[in-house]
Structures are given as C-alpha cells and as structure tokens.
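Coordinates from my_file-v1.cif are shown below (mmCIF, C-alpha atoms).
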data_my_file
loop_
_atom_site.label_atom_id
_atom_site.label_comp_id
_atom_site.auth_asym_id
_atom_site.auth_seq_id
_atom_site.Cartn_x
_atom_site.Cartn_y
_atom_site.Cartn_z
CA MET A 172 -48.01 -20.19 -39.11
CA GLY A 173 -45.13 -20.18 -41.55
CA LYS A 174 -41.66 -21.34 -40.72
CA ALA A 175 -40.37 -17.82 -40.55
CA ALA A 176 -43.07 -16.82 -38.11
CA ARG A 177 -42.45 -19.87 -35.93
CA ASP A 178 -38.77 -19.06 -35.85
CA GLN A 179 -39.59 -15.55 -34.99
CA SER A 180 -41.81 -16.49 -32.06
CA ALA A 181 -39.20 -18.97 -30.80
CA ARG A 182 -36.65 -16.21 -30.92
CA ASP A 183 -38.97 -13.88 -29.10
CA ARG A 184 -39.55 -16.47 -26.40
CA ILE A 185 -35.85 -17.03 -25.94
CA LYS A 186 -35.28 -13.35 -25.91
CA ALA A 187 -37.97 -12.79 -23.28
CA GLN A 188 -36.63 -15.61 -21.18
CA ARG A 189 -33.16 -14.22 -21.36
CA GLU A 190 -34.45 -10.80 -20.48
CA ALA A 191 -36.20 -12.22 -17.40
CA GLU A 192 -33.07 -14.04 -16.34
CA ARG A 193 -31.04 -10.94 -16.76
CA LYS A 194 -33.49 -8.98 -14.69
CA LYS A 195 -33.32 -11.61 -11.97
CA GLU A 196 -29.55 -11.48 -12.08
CA ARG A 197 -29.62 -7.74 -11.79
CA THR A 198 -31.89 -7.86 -8.76
CA LYS A 199 -29.65 -10.40 -7.09
CA ARG A 200 -26.60 -8.33 -7.90
CA LEU A 201 -28.20 -5.24 -6.49
CA ALA A 202 -29.22 -7.04 -3.30
CA THR A 203 -25.69 -8.37 -2.74
CA MET A 204 -24.11 -5.01 -3.38
CA THR A 205 -26.53 -3.29 -1.07
CA ALA A 206 -25.82 -5.83 1.65
CA VAL A 207 -22.07 -5.35 1.30
CA ALA A 208 -22.46 -1.58 1.28
CA VAL A 209 -24.63 -1.69 4.39
CA VAL A 210 -22.07 -3.82 6.22
CA ALA A 211 -19.26 -1.48 5.17
CA VAL A 212 -21.13 1.61 6.29
CA ALA A 213 -22.10 -0.10 9.55
CA ALA A 214 -18.45 -0.97 10.18
CA ILE A 215 -17.45 2.64 9.59
CA GLY A 216 -20.21 3.84 11.90
CA ALA A 217 -19.22 1.39 14.61
CA GLY A 218 -15.57 2.38 14.32
CA TRP A 219 -16.49 6.04 14.47
CA TRP A 220 -18.63 5.49 17.54
CA PHE A 221 -15.92 3.44 19.21
CA ALA A 222 -13.32 6.12 18.50
CA ALA A 223 -15.55 8.78 20.00
CA GLN A 224 -16.32 6.64 23.06
CA SER A 225 -12.77 5.53 23.74
CA SER A 226 -11.49 9.10 23.78
CA LYS A 227 -14.24 10.45 25.99
CA PRO A 228 -12.71 12.02 29.11
CA GLU A 229 -13.68 11.05 32.64
CA GLU A 230 -15.64 13.46 34.77
CA THR A 231 -13.60 14.98 37.55
CA THR A 232 -15.41 13.77 40.61
CA ALA A 233 -13.68 14.91 43.75
CA ALA A 234 -11.60 17.86 44.91
CA LEU A 235 -8.07 17.84 43.53
CA ALA A 236 -5.30 16.15 45.46
CA PRO A 237 -2.88 18.62 47.08
CA ILE A 238 -0.62 20.31 44.57
CA THR A 239 2.93 21.22 45.54
CA ARG A 240 6.01 22.47 43.75
CA ALA A 241 9.24 20.54 44.01
CA ALA A 242 12.64 22.22 44.22
CA ASP A 243 13.34 21.49 40.56
CA GLY A 244 10.20 23.34 39.49
CA THR A 245 8.09 20.28 38.74
CA VAL A 246 4.58 20.33 40.12
CA VAL A 247 3.36 17.35 42.09
CA MET A 248 -0.28 16.36 42.52
CA ALA A 249 -0.74 13.63 45.12
CA ARG A 250 -2.46 12.79 48.34
CA PRO A 251 -0.12 12.94 51.34
CA GLY A 252 1.87 9.73 51.66
CA VAL A 253 1.14 8.48 48.14
CA GLU A 254 4.55 7.83 46.63
CA LYS A 255 3.74 5.35 43.88
CA PRO A 256 3.03 4.74 41.16
CA VAL A 257 4.64 7.90 39.84
CA VAL A 258 3.00 9.23 36.70
CA ASP A 259 5.28 11.71 34.95
CA VAL A 260 3.68 14.02 32.43
CA TYR A 261 6.02 15.94 30.12
CA GLU A 262 4.17 18.68 28.33
CA ASP A 263 4.57 21.93 26.52
CA PHE A 264 1.80 24.54 26.82
CA GLN A 265 2.24 25.31 23.15
CA CYS A 266 2.04 21.75 21.85
CA PRO A 267 -1.31 20.82 20.28
CA ALA A 268 -0.96 17.13 21.07
CA CYS A 269 -0.42 18.10 24.72
CA LYS A 270 -3.65 20.06 24.56
CA ALA A 271 -5.30 16.93 23.17
CA LEU A 272 -3.88 14.88 26.03
CA GLU A 273 -5.10 17.51 28.46
CA GLU A 274 -8.62 17.38 27.04
CA THR A 275 -8.70 13.60 26.97
CA SER A 276 -6.76 12.21 29.88
CA ALA A 277 -6.14 15.00 32.39
CA ALA A 278 -9.38 14.21 34.22
CA THR A 279 -8.24 10.62 34.67
CA LEU A 280 -4.97 11.77 36.22
CA LYS A 281 -6.76 14.23 38.50
CA ASN A 282 -9.18 11.55 39.63
CA LEU A 283 -6.50 8.96 40.27
CA ALA A 284 -4.46 11.44 42.29
CA ALA A 285 -7.55 12.41 44.25
CA GLU A 286 -8.31 8.74 44.88
CA GLY A 287 -4.80 8.29 46.24
CA LYS A 288 -3.95 5.85 43.46
CA ALA A 289 -1.13 7.82 41.87
CA LYS A 290 1.41 10.56 42.34
CA VAL A 291 1.24 12.76 39.27
CA VAL A 292 4.25 14.90 38.40
CA PHE A 293 3.95 17.65 35.80
CA HIS A 294 7.10 18.58 33.93
CA THR A 295 6.60 21.69 31.87
CA VAL A 296 9.07 21.78 29.02
CA THR A 297 9.71 23.80 25.89
CA ILE A 298 10.19 21.43 23.02
CA PHE A 299 10.16 23.88 20.12
CA PRO A 300 13.50 25.07 18.78
CA GLU A 301 14.26 28.71 18.12
CA GLU A 302 14.58 28.19 14.36
CA MET A 303 10.97 27.01 14.02
CA ASN A 304 8.50 29.63 12.77
CA LYS A 305 11.02 32.38 13.44
CA GLY A 306 10.92 31.58 17.13
CA ILE A 307 7.20 32.37 17.48
CA THR A 308 6.31 28.90 18.68
CA ARG A 309 9.15 28.75 21.17
CA GLY A 310 8.35 32.26 22.39
CA ASN A 311 4.75 31.29 23.15
CA SER A 312 5.87 28.20 24.96
CA VAL A 313 8.40 30.00 27.14
CA ARG A 314 6.05 32.88 28.00
CA GLY A 315 3.34 30.48 29.06
CA ALA A 316 5.66 28.27 31.06
CA ALA A 317 7.40 31.17 32.77
CA ALA A 318 4.03 32.67 33.74
CA ALA A 319 2.86 29.35 35.15
CA ARG A 320 5.90 29.36 37.40
CA CYS A 321 4.66 32.63 38.90
CA VAL A 322 1.50 30.86 40.06
CA PRO A 323 1.89 29.43 43.54
CA ALA A 324 1.37 25.70 43.82
CA GLY A 325 -2.18 24.72 44.68
CA PRO A 326 -5.51 24.51 42.93
CA ALA A 327 -4.83 27.85 41.27
CA TRP A 328 -1.85 26.34 39.47
CA MET A 329 -3.99 23.59 38.04
CA ALA A 330 -6.65 26.07 36.98
CA TYR A 331 -3.97 28.19 35.30
CA HIS A 332 -2.42 25.14 33.65
CA ASP A 333 -5.81 24.11 32.27
CA ARG A 334 -6.49 27.63 31.08
CA LEU A 335 -3.21 27.84 29.19
CA PHE A 336 -4.08 24.73 27.24
CA GLU A 337 -7.56 26.02 26.62
CA GLU A 338 -6.19 29.27 25.23
CA GLN A 339 -3.36 27.66 23.30
CA PRO A 340 -2.48 29.77 20.25
CA PRO A 341 -1.73 28.20 16.86
CA GLU A 342 1.90 27.23 16.49
CA THR A 343 2.41 29.82 13.80
CA ALA A 344 0.89 32.84 15.54
CA GLU A 345 2.06 34.82 18.49
CA GLY A 346 -0.11 34.17 21.52
CA PHE A 347 0.04 34.00 25.31
CA ALA A 348 0.29 37.80 25.46
CA LEU A 349 1.56 39.10 28.80
CA ASP A 350 -1.70 40.96 29.51
CA ASP A 351 -3.68 37.78 28.95
CA LEU A 352 -1.31 35.75 31.07
CA VAL A 353 -1.80 38.19 33.94
CA ALA A 354 -5.59 38.26 33.52
CA TRP A 355 -5.88 34.46 33.42
CA GLY A 356 -3.95 34.31 36.68
CA GLU A 357 -6.50 36.52 38.33
CA ASP A 358 -9.27 34.34 36.89
CA ALA A 359 -7.55 31.29 38.33
CA GLY A 360 -7.61 32.86 41.77
CA VAL A 361 -4.02 34.03 42.09
CA THR A 362 -3.92 36.76 44.74
CA ASP A 363 -0.15 37.16 45.04
CA ALA A 364 0.79 40.81 44.93
CA GLY A 365 3.91 40.03 42.90
CA PHE A 366 2.18 37.88 40.33
CA ALA A 367 1.59 40.46 37.62
CA ALA A 368 5.16 41.75 37.81
CA CYS A 369 6.50 38.22 37.85
CA VAL A 370 4.64 37.45 34.61
CA ARG A 371 5.49 40.73 32.91
CA ASN A 372 9.18 40.50 33.71
CA GLN A 373 9.21 36.87 32.67
CA GLN A 374 11.04 36.39 35.89
CA HIS A 375 11.23 32.62 35.62
CA ALA A 376 11.93 32.29 31.90
CA ALA A 377 15.60 31.45 32.35
CA ALA A 378 14.91 29.01 35.17
CA HIS A 379 12.22 27.35 33.08
CA LEU A 380 14.50 26.94 30.06
CA ALA A 381 17.32 25.58 32.16
CA ALA A 382 15.00 23.07 33.80
CA SER A 383 13.43 22.21 30.45
CA ASP A 384 16.75 21.47 28.77
CA LYS A 385 17.85 19.39 31.69
CA THR A 386 14.58 17.45 31.72
CA LEU A 387 14.55 16.79 27.98
CA GLU A 388 18.11 15.54 28.24
CA ALA A 389 17.68 13.42 31.35
CA ALA A 390 14.30 11.92 30.53
CA LYS A 391 15.19 11.30 26.86
CA ILE A 392 11.96 12.83 25.65
CA GLN A 393 11.33 12.26 21.94
CA GLY A 394 8.31 14.48 21.75
CA THR A 395 5.54 15.96 23.81
CA PRO A 396 3.38 14.88 25.40
CA THR A 397 5.16 11.98 27.02
CA VAL A 398 3.59 10.09 29.89
CA LYS A 399 5.63 7.74 32.03
CA ILE A 400 4.46 5.35 34.69
CA ASP A 401 7.23 4.60 37.16
CA GLY A 402 9.76 5.72 34.59
CA VAL A 403 8.42 3.61 31.74
CA GLU A 404 7.06 5.51 28.77
CA VAL A 405 3.38 4.87 28.07
CA ASP A 406 2.32 4.22 24.51
CA ASN A 407 0.22 6.97 22.96
CA ASN A 408 -2.56 4.47 22.30
CA VAL A 409 -2.84 4.08 26.06
CA ALA A 410 -2.14 7.65 27.11
CA PHE A 411 -4.88 9.00 24.86
CA THR A 412 -7.49 6.44 25.90
CA PRO A 413 -8.72 7.37 29.39
CA ALA A 414 -9.94 3.90 30.33
CA GLU A 415 -6.69 2.27 29.29
CA LEU A 416 -4.56 4.89 30.99
CA ARG A 417 -6.49 4.40 34.20
CA GLN A 418 -6.02 0.65 33.98
CA ALA A 419 -2.29 0.96 33.27
CA ILE A 420 -1.83 3.17 36.33
CA LEU A 421 -3.94 0.92 38.54
CA ASP A 422 -1.93 -2.08 37.34
CA ALA A 423 1.28 -0.28 38.27
CA ALA A 424 -0.11 0.41 41.74
CA LYS A 425 -0.41 -3.29 42.48
CA MET B 767 4.26 -2.99 -21.78
CA THR B 768 5.94 -5.97 -23.28
CA SER B 769 6.10 -4.75 -26.88
CA ASP B 770 5.60 -1.53 -28.78
CA LYS B 771 2.50 -2.82 -30.47
CA PRO B 772 0.83 -5.17 -28.06
CA GLU B 773 -1.89 -7.40 -29.32
CA PRO B 774 -5.24 -6.20 -28.07
CA SER B 775 -6.00 -9.54 -26.46
CA ARG B 776 -2.75 -9.57 -24.55
CA LEU B 777 -3.34 -6.05 -23.33
CA ARG B 778 -6.80 -7.05 -22.34
CA SER B 779 -5.53 -10.00 -20.35
CA ALA B 780 -2.91 -7.89 -18.59
CA LEU B 781 -5.35 -5.19 -17.55
CA PRO B 782 -7.06 -7.18 -14.77
CA TRP B 783 -3.66 -7.75 -13.24
CA VAL B 784 -2.89 -4.07 -13.34
CA THR B 785 -6.14 -3.44 -11.50
CA THR B 786 -5.32 -6.12 -8.94
CA VAL B 787 -1.87 -4.71 -8.26
CA SER B 788 -3.32 -1.19 -7.98
CA ARG B 789 -5.93 -2.49 -5.55
CA LEU B 790 -3.35 -4.17 -3.37
CA VAL B 791 -0.94 -1.22 -3.27
CA LEU B 792 -3.72 1.20 -2.49
CA ALA B 793 -5.17 -1.15 0.11
CA ALA B 794 -1.81 -1.63 1.83
CA VAL B 795 -1.28 2.11 2.13
CA LEU B 796 -4.83 2.74 3.34
CA ILE B 797 -4.74 -0.04 5.92
CA ILE B 798 -1.34 1.00 7.25
CA ALA B 799 -2.41 4.65 7.37
CA GLY B 800 -5.73 3.84 9.05
CA GLY B 801 -4.12 1.42 11.47
CA GLY B 802 -1.54 3.98 12.52
CA LYS B 803 -4.27 6.41 13.44
CA ILE B 804 -7.10 4.31 14.77
CA GLY B 805 -5.56 3.68 18.19
CA THR B 806 -5.35 7.39 18.99
CA PRO B 807 -8.45 9.09 17.63
CA VAL B 808 -7.60 12.21 19.60
CA LEU B 809 -4.33 12.62 17.77
CA SER B 810 -6.09 11.91 14.51
CA VAL B 811 -8.48 14.77 15.28
CA GLU B 812 -5.49 16.93 16.16
CA ALA B 813 -3.84 16.08 12.85
CA VAL B 814 -6.95 17.13 10.95
CA LYS B 815 -7.14 20.38 12.91
CA ALA B 816 -3.50 21.09 12.12
CA TYR B 817 -4.51 21.62 8.49
CA GLN B 818 -6.72 24.52 9.62
CA LEU B 819 -9.17 23.77 6.82
CA LEU B 820 -12.26 22.46 8.59
CA PRO B 821 -14.27 23.92 11.45
CA ASP B 822 -13.50 22.18 14.74
CA SER B 823 -16.64 20.04 14.94
CA LEU B 824 -16.17 18.76 11.40
CA ALA B 825 -12.47 18.19 12.01
CA THR B 826 -13.39 16.08 15.02
CA ALA B 827 -15.83 14.00 13.01
CA VAL B 828 -13.28 13.50 10.24
CA GLY B 829 -10.56 12.67 12.75
CA TYR B 830 -12.67 9.94 14.29
CA GLY B 831 -14.04 8.63 11.02
CA LEU B 832 -11.10 8.74 8.64
CA PRO B 833 -9.02 5.92 10.13
CA ILE B 834 -11.88 3.43 10.09
CA LEU B 835 -12.96 4.60 6.64
CA GLU B 836 -9.45 3.98 5.34
CA ILE B 837 -9.36 0.52 6.83
CA VAL B 838 -12.79 -0.49 5.52
CA ILE B 839 -12.00 0.77 2.02
CA GLY B 840 -8.65 -0.99 2.23
CA VAL B 841 -10.30 -4.28 3.12
CA LEU B 842 -12.84 -3.90 0.30
CA LEU B 843 -9.96 -3.33 -2.11
CA VAL B 844 -8.05 -6.37 -0.90
CA VAL B 845 -10.97 -8.73 -1.34
CA GLY B 846 -12.28 -6.94 -4.41
CA LEU B 847 -15.77 -6.19 -3.16
CA LEU B 848 -17.62 -3.16 -4.49
CA THR B 849 -14.37 -2.55 -6.29
CA ARG B 850 -15.54 0.36 -8.36
CA VAL B 851 -17.01 2.21 -5.38
CA ALA B 852 -13.91 1.50 -3.31
CA GLY B 853 -11.75 2.77 -6.15
CA VAL B 854 -13.76 5.96 -6.48
CA VAL B 855 -13.71 6.59 -2.72
CA SER B 856 -9.98 6.01 -2.45
CA ALA B 857 -9.30 8.25 -5.43
CA LEU B 858 -11.42 10.98 -3.84
CA LEU B 859 -9.64 10.53 -0.52
CA MET B 860 -6.24 10.85 -2.16
CA LEU B 861 -7.40 13.90 -4.07
CA ALA B 862 -8.57 15.45 -0.80
CA PHE B 863 -5.20 14.73 0.79
CA VAL B 864 -3.37 16.28 -2.15
CA VAL B 865 -5.53 19.39 -1.92
CA GLY B 866 -5.10 19.54 1.87
CA ILE B 867 -1.33 19.23 1.79
CA ALA B 868 -1.01 21.65 -1.11
CA SER B 869 -3.12 24.18 0.75
CA VAL B 870 -1.00 23.80 3.89
CA TRP B 871 2.09 24.27 1.79
CA ALA B 872 0.67 27.32 0.06
CA ARG B 873 -0.26 28.89 3.37
CA GLY B 874 3.22 28.27 4.71
CA LEU B 875 2.00 26.16 7.61
CA ARG B 876 4.59 23.88 9.01
CA ILE B 877 3.01 20.56 9.93
CA ASP B 878 3.43 16.88 9.54
CA CYS B 879 0.77 15.48 7.20
CA GLY B 880 -0.29 13.06 9.94
CA CYS B 881 -0.89 10.60 7.16
CA PHE B 882 0.25 7.54 9.05
CA GLY B 883 -0.59 8.63 12.56
CA GLY B 884 0.80 11.22 14.89
CA GLY B 885 -0.80 14.49 15.80
CA GLY B 886 0.26 16.49 12.80
CA GLN B 887 3.16 18.09 14.63
CA LEU B 888 6.69 17.87 13.45
CA ALA B 889 9.26 16.71 15.92
CA ALA B 890 11.86 19.29 16.83
CA GLY B 891 14.16 20.04 13.92
CA GLU B 892 12.08 18.02 11.46
CA GLU B 893 11.29 19.55 8.09
CA PRO B 894 7.97 19.02 6.33
CA SER B 895 8.12 16.97 3.14
CA TYR B 896 5.07 18.33 1.34
CA LEU B 897 6.28 17.61 -2.17
CA ILE B 898 6.95 13.96 -1.42
CA ASP B 899 3.59 13.64 0.34
CA ILE B 900 1.80 15.22 -2.62
CA LEU B 901 3.58 13.08 -5.21
CA ARG B 902 2.86 9.95 -3.22
CA ASP B 903 -0.81 10.78 -2.80
CA PHE B 904 -1.10 11.76 -6.43
CA GLY B 905 0.34 8.41 -7.45
CA LEU B 906 -2.17 6.71 -5.18
CA PHE B 907 -4.92 8.83 -6.69
CA ALA B 908 -3.92 7.48 -10.11
CA LEU B 909 -4.13 3.92 -8.77
CA GLY B 910 -7.60 4.70 -7.44
CA VAL B 911 -8.63 5.92 -10.87
CA ILE B 912 -7.35 2.72 -12.47
CA VAL B 913 -9.33 0.65 -9.98
CA ALA B 914 -12.46 2.70 -10.53
CA TRP B 915 -12.10 2.57 -14.29
CA PHE B 916 -11.26 -1.09 -14.75
CA PRO B 917 -12.84 -3.01 -11.90
CA PRO B 918 -12.60 -5.54 -10.49
CA GLY B 919 -9.37 -7.20 -11.69
CA ARG B 920 -8.23 -10.71 -10.86
CA PHE B 921 -8.90 -12.27 -7.48
CA ALA B 922 -11.99 -10.23 -6.76
CA LEU B 923 -15.03 -11.30 -4.83
CA ASP B 924 -17.02 -9.09 -7.16
CA SER B 925 -16.39 -11.63 -9.93
CA ALA B 926 -16.99 -14.63 -7.72
CA LEU B 927 -20.32 -13.22 -6.60
CA GLY B 928 -21.29 -12.16 -10.07
CA LEU B 929 -21.35 -8.49 -9.18
CA THR B 930 -19.75 -7.41 -12.42
CA PRO B 931 -22.52 -6.60 -14.89
CA GLY B 932 -20.09 -6.62 -17.81
CA ARG B 933 -19.44 -10.30 -17.38
CA GLU B 934 -22.15 -12.43 -18.84
CA PRO B 935 -22.04 -16.19 -18.56
CA ASP B 936 -20.06 -17.83 -21.32
CA GLU B 937 -22.99 -19.18 -23.33
CA TYR B 938 -24.01 -15.64 -24.16
CA ASN B 939 -20.71 -14.98 -25.78
CA ASP B 940 -21.36 -16.56 -29.13
CA ASP B 941 -24.73 -14.99 -29.26
CA LEU B 942 -25.83 -14.49 -32.83
CA GLU B 943 -28.48 -11.97 -32.01
CA GLY B 944 -25.98 -9.40 -30.96
CA ASP B 945 -28.74 -7.72 -29.04
CA ASP B 946 -27.16 -7.65 -25.63
CA GLU B 947 -24.45 -5.18 -26.12
CA GLU B 948 -23.43 -3.86 -22.77
CA PRO B 949 -21.68 -0.54 -22.51
CA ARG B 950 -18.83 -2.29 -20.73
CA GLU B 951 -17.40 -5.45 -22.11
CA GLY B 952 -16.11 -8.42 -20.22
CA LYS B 953 -12.40 -8.27 -19.60
CA ASP B 954 -11.79 -11.64 -18.16
CA HIS B 955 -12.35 -13.99 -21.05
#
What would you get if you wrote out this structure as structure tokens?
Amino acid sequence: MGKAARDQSARDRIKAQREAERKKERTKRLATMTAVAVVAVAAIGAGWWFAAQSSKPEETTAALAPITRAADGTVVMARPGVEKPVVDVYEDFQCPACKALEETSAATLKNLAAEGKAKVVFHTVTIFPEEMNKGITRGNSVRGAAAARCVPAGPAWMAYHDRLFEEQPPETAEGFALDDLVAWGEDAGVTDAGFAACVRNQQHAAAHLAASDKTLEAAKIQGTPTVKIDGVEVDNNVAFTPAELRQAILDAAK
Amino acid sequence: MTSDKPEPSRLRSALPWVTTVSRLVLAAVLIIAGGGKIGTPVLSVEAVKAYQLLPDSLATAVGYGLPILEIVIGVLLVVGLLTRVAGVVSALLMLAFVVGIASVWARGLRIDCGCFGGGGQLAAGEEPSYLIDILRDFGLFALGVIVAWFPPGRFALDSALGLTPGREPDEYNDDLEGDDEEPREGKDH
C-alpha cells in the first residue's frame, strides 16, 4: 500500500466515522424535537379539553323556582322566602355574549334558584345605541324585550326568554320579527288573549326603554352581560364557568 | 443598522439578536392574547363566531383551542424550543388574523377583533379599529417570518440542546475536506 493509498483509507475512515456521528446526532436531534413537539401538542390538547369541560353547562334537574314580575319590570326567580344571595343578571336579548352566558350558565342559575340557594333577578336592558348599524341592532333588542314584557311571569316567561336567545339574530341583520315573536309566545305556552296585540303594538317598548336607561344608569353597567352577586359584579371568568359561578353563589349564601 | 456598509461578520452577529427580540415580542403578544381569552372559552368562541367566517362547530373548536395554542407557541418562543416551527405557526396565525379582520372590514361588519379577550362585541359607542389591528398583526407576521427564517437566535434552548442542524461542533469548522457543506450555515460563531 503506497502512502497515498494509506492516506486515502485514513481519510475514508475518518469520513465514515464522522458520517456515523452525524447520523447519531441527527437521530438524537429528531428524538428531542419529537418529544418537545409531543409535549406541546399534548398541552394544547389538554387546554382544549379543559376549556370545553369548564364551559359545559349544568343539566337543569328540577322544576323551575316560581317566577314573578316585580313592579319595576324585573323578573324574579326564587323559591318563596329565599331573599339572599341576590344574583342580578343584566342582559340584552340581542347581545351575543348574553346568549353565550345563557347557553353556559343559565342552567346553573335555574338550578340554584330551584334548590332555594339564590334569588335570581333578570334585568332586561337595551345596551345598543341608535347610531349603531343604523339602529338595526337596537331595534331588535327593543322588539324582543318589549315582547317579553307581554309574557306573563311564570314558566312561560322563562321559556320565551330562552327562545329569544336561541333565535337571536346577527347584530347587523333585522330579526325578532313581530310574527315570530307572537308565534314563539304561543310555543312557550302563552294563552293570554291580549298577547299577540301586545307584541304587535309594541305596547311595552317605551316602558322597557325607560326601565333600561334607569337600570344602566343606576347599576353602572359597562357592558352586557353583567352578573352581580349581592350587588358585587362577578368577573367574566367566573360568570362563564358554571362550576365557579355555582361556588361563588354558594359562598355568598353562607 | 449601525453603518451604511456593515461588515458581513457584524451583521451576522447581530442577526441572532434580531431573532431573539422578534421571538420575545411575538411571545409577549401571544401570551397576553391567549391569557386574556383562556379564562372565558365561551367568549372566545363567541369572538370567533363574530367574524362569521367559520361554521359554528369549527368556530367552537377554534375558540376553545386558540387561547391555549397561543400560549404554548408563546412559551416555545420565549425559551427558543422548536423555534422554526413556532415561528412558522405564529406567522400563519398572524396571517389568519389579518385575513379575518380584513374580511370583516370588507363585509362592513362591526365587531371588536376579540384579539385580547372579550366576546367580539364592541361596547356601546366604541368604533372598530380594523386598520390598527391589521397593521399590528402584519408587523407581528413579519416578526414570525424573521423567527422562522433565522432560528433560533440567542438564548435558545434549541442551541443548548443541539437542535440546530446548521451548528456543527467547532472542530468541524476548520475542516479541510470541505465536504460537509450544509445548506444553512452556522450563525453563532
């Protein structure tokens, strides 16, 4: 073997060795990266699952607590004699976040009222100003709210209330048509002879707006929905997490 | 830029810092945005629906998943792990946000971007600020591109763990063979 050939084979050996090392490095690198990626994806999955679980609504278990209408137009859901804690719910039938609250936490409020653990007071307001979307949004809100005032207090009111949120139109499109509002009342079990006329004439629109303005002013509402427990505003993180909302109300009952 | 004609080596030594700063800015925004939304997944879902771009079931999935995705990507960017992937994902996210906001604007919808939490509704009397939102997200998109293009920058676990294929150990540097040209060259020497 000449010198040149020896050199060559030494070079080849070094080269092969280096190649092997590099391959080993690459494998290690790949394993680490895969591990990190798996952890990251698992964290995302866990967070996703947790988000879905924490916003899962309760099942409504029992019959609703009695529903009455106070002189100021607010609707009270409470077992007789239950005076505290007072849970105030300020909501607008046209507000999407209120619909979200309805879907998430309404069952908790219904259950707690039925269990005699809370007095729930619904304040229907109109939060949207006239200048927004050429008044379409505000119009929807007022029509819905005025119609709800035509529904006598009782289970039918709650059914109607739920239906309005279910049928909530987009903020930019006209919805809550008078014909629909009348039909939904019948679906909800309203038998009042004057109901249809009351809805069509928007008999309570002015009263609703007056009450709404007064409420927004007095309760210093920044936005809807707002939930208060004994007058103290509940953080959205709590209000939109059924288990936490339940706990907060139970704590206030102590 | 410190001079009109920077020396290549100086530019090369500044680049990792640019990547690091981009990583940190992007991470801060993502973590704040994710954190603002993660407590109220329902509102996050609502914010996604407000764009009226995705079918409801998909909007729900995105609403639940986006906050945690933002936080995880943000954390990866802070520590500099899987930097390139994190950079690509954040750039894609920002691009999606730009497209989403632009589409809302074009359709004349009047919403809050919901970027940092909230249900995508504007408070009474509030005006949408689409242009600012788009410019901000476009800037963040650019940062994502920088991170994806020049990973991992200084202070990155990727380097510490040897996850950057461009960086060979030092003894290979004065290699006479010249046979191990990598498509990407080391930036940290």
When the cut-off is 6 Å and we count only C-alpha atoms, which residues of chain B are near chain A, given as a PyMOL selection string? chain B and resi 805-807+830-831+834-835+885+890+929
Quick one: residues within 12 Å of B:Ala862, all atoms listed in the file counted, chain neighbours fewer than 3 positions away excluded, as a list of chain:residue names? B:Val814, B:Tyr817, B:Leu819, B:Leu832, B:Val855, B:Ser856, B:Ala857, B:Leu858, B:Leu859, B:Val865, B:Gly866, B:Ile867, B:Ala868, B:Ser869, B:Ile900, B:Asp903, B:Phe904, B:Leu906, B:Phe907
Limited to C-alpha atoms, could you put the picked residues into a file as a tab-separated table (two decimals), keeping the file's coordinate frame?
chain	number	residue	atom	x	y	z
B	814	VAL	CA	-6.95	17.13	10.95
B	817	TYR	CA	-4.51	21.62	8.49
B	819	LEU	CA	-9.17	23.77	6.82
B	832	LEU	CA	-11.10	8.74	8.64
B	855	VAL	CA	-13.71	6.59	-2.72
B	856	SER	CA	-9.98	6.01	-2.45
B	857	ALA	CA	-9.30	8.25	-5.43
B	858	LEU	CA	-11.42	10.98	-3.84
B	859	LEU	CA	-9.64	10.53	-0.52
B	865	VAL	CA	-5.53	19.39	-1.92
B	866	GLY	CA	-5.10	19.54	1.87
B	867	ILE	CA	-1.33	19.23	1.79
B	868	ALA	CA	-1.01	21.65	-1.11
B	869	SER	CA	-3.12	24.18	0.75
B	900	ILE	CA	1.80	15.22	-2.62
B	903	ASP	CA	-0.81	10.78	-2.80
B	904	PHE	CA	-1.10	11.76	-6.43
B	906	LEU	CA	-2.17	6.71	-5.18
B	907	PHE	CA	-4.92	8.83	-6.69
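Closest approach to B:Val808 from the set A:Ser276, A:Thr198, A:Phe293, A:Leu335 is made by A:Ser276, with distances taken over all atoms listed in the file.
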Please expand the PyMOL selection byres ((chain A and resi 372) around 12) into the concrete residues it hits in this file, giving the result as a PyMOL selection string. chain A and resi 314+317-318+321+349-350+352-353+365-371+373-377
Any chance you could export the current selection's C-alpha atoms as a tab-separated table (two decimals), in the coordinates of the input?
chain	number	residue	atom	x	y	z
A	314	ARG	CA	6.05	32.88	28.00
A	317	ALA	CA	7.40	31.17	32.77
A	318	ALA	CA	4.03	32.67	33.74
A	321	CYS	CA	4.66	32.63	38.90
A	349	LEU	CA	1.56	39.10	28.80
A	350	ASP	CA	-1.70	40.96	29.51
A	352	LEU	CA	-1.31	35.75	31.07
A	353	VAL	CA	-1.80	38.19	33.94
A	365	GLY	CA	3.91	40.03	42.90
A	366	PHE	CA	2.18	37.88	40.33
A	367	ALA	CA	1.59	40.46	37.62
A	368	ALA	CA	5.16	41.75	37.81
A	369	CYS	CA	6.50	38.22	37.85
A	370	VAL	CA	4.64	37.45	34.61
A	371	ARG	CA	5.49	40.73	32.91
A	373	GLN	CA	9.21	36.87	32.67
A	374	GLN	CA	11.04	36.39	35.89
A	375	HIS	CA	11.23	32.62	35.62
A	376	ALA	CA	11.93	32.29	31.90
A	377	ALA	CA	15.60	31.45	32.35
Distance atom CA of A:Arg309-atom CA of A:Gln265, one decimal place?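 Distance between the two atoms: 8.0 Å.
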Rounded to one decimal, what separation in Å do you get between atom CA of B:Val844 and atom CA of B:Ser775?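 Computed distance, atom CA of B:Val844 to atom CA of B:Ser775, equals 25.8 Å.
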Which residue, B:Ala926, B:Val811, B:Glu836, B:Pro917, has the smallest gap to B:Leu824 when you use all atoms listed in the file? B:Val811
In Å to one decimal, how far is atom CA of B:Gly910 from atom CA of B:Leu847?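 About the pair atom CA of B:Leu847 and atom CA of B:Gly910: they are 14.3 Å apart.
Against the coordinates shown, the PyMOL selection byres ((chain A and resi 423) around 12) returns Lys255, Pro256, Val257, Val258, Lys288, Ala289, Lys290, Lys399, Ile400, Asp401, Gly402, Val403, Val405, Leu416, Arg417, Gln418, Ala419, Ile420, Leu421, Asp422, Ala424 and Lys425 of chain A.
Counting only C-alpha atoms and comparing A:Val209, A:Ile307, A:Ala327, A:Ala359, the residue that lies closest to A:Pro237 is A:Ala327.
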Kindly indicate which residue among B:Thr849, B:Ser895, B:Ser823, B:Thr930 lies nearest to B:Thr786, using all atoms listed in the file for the distances. B:Thr849
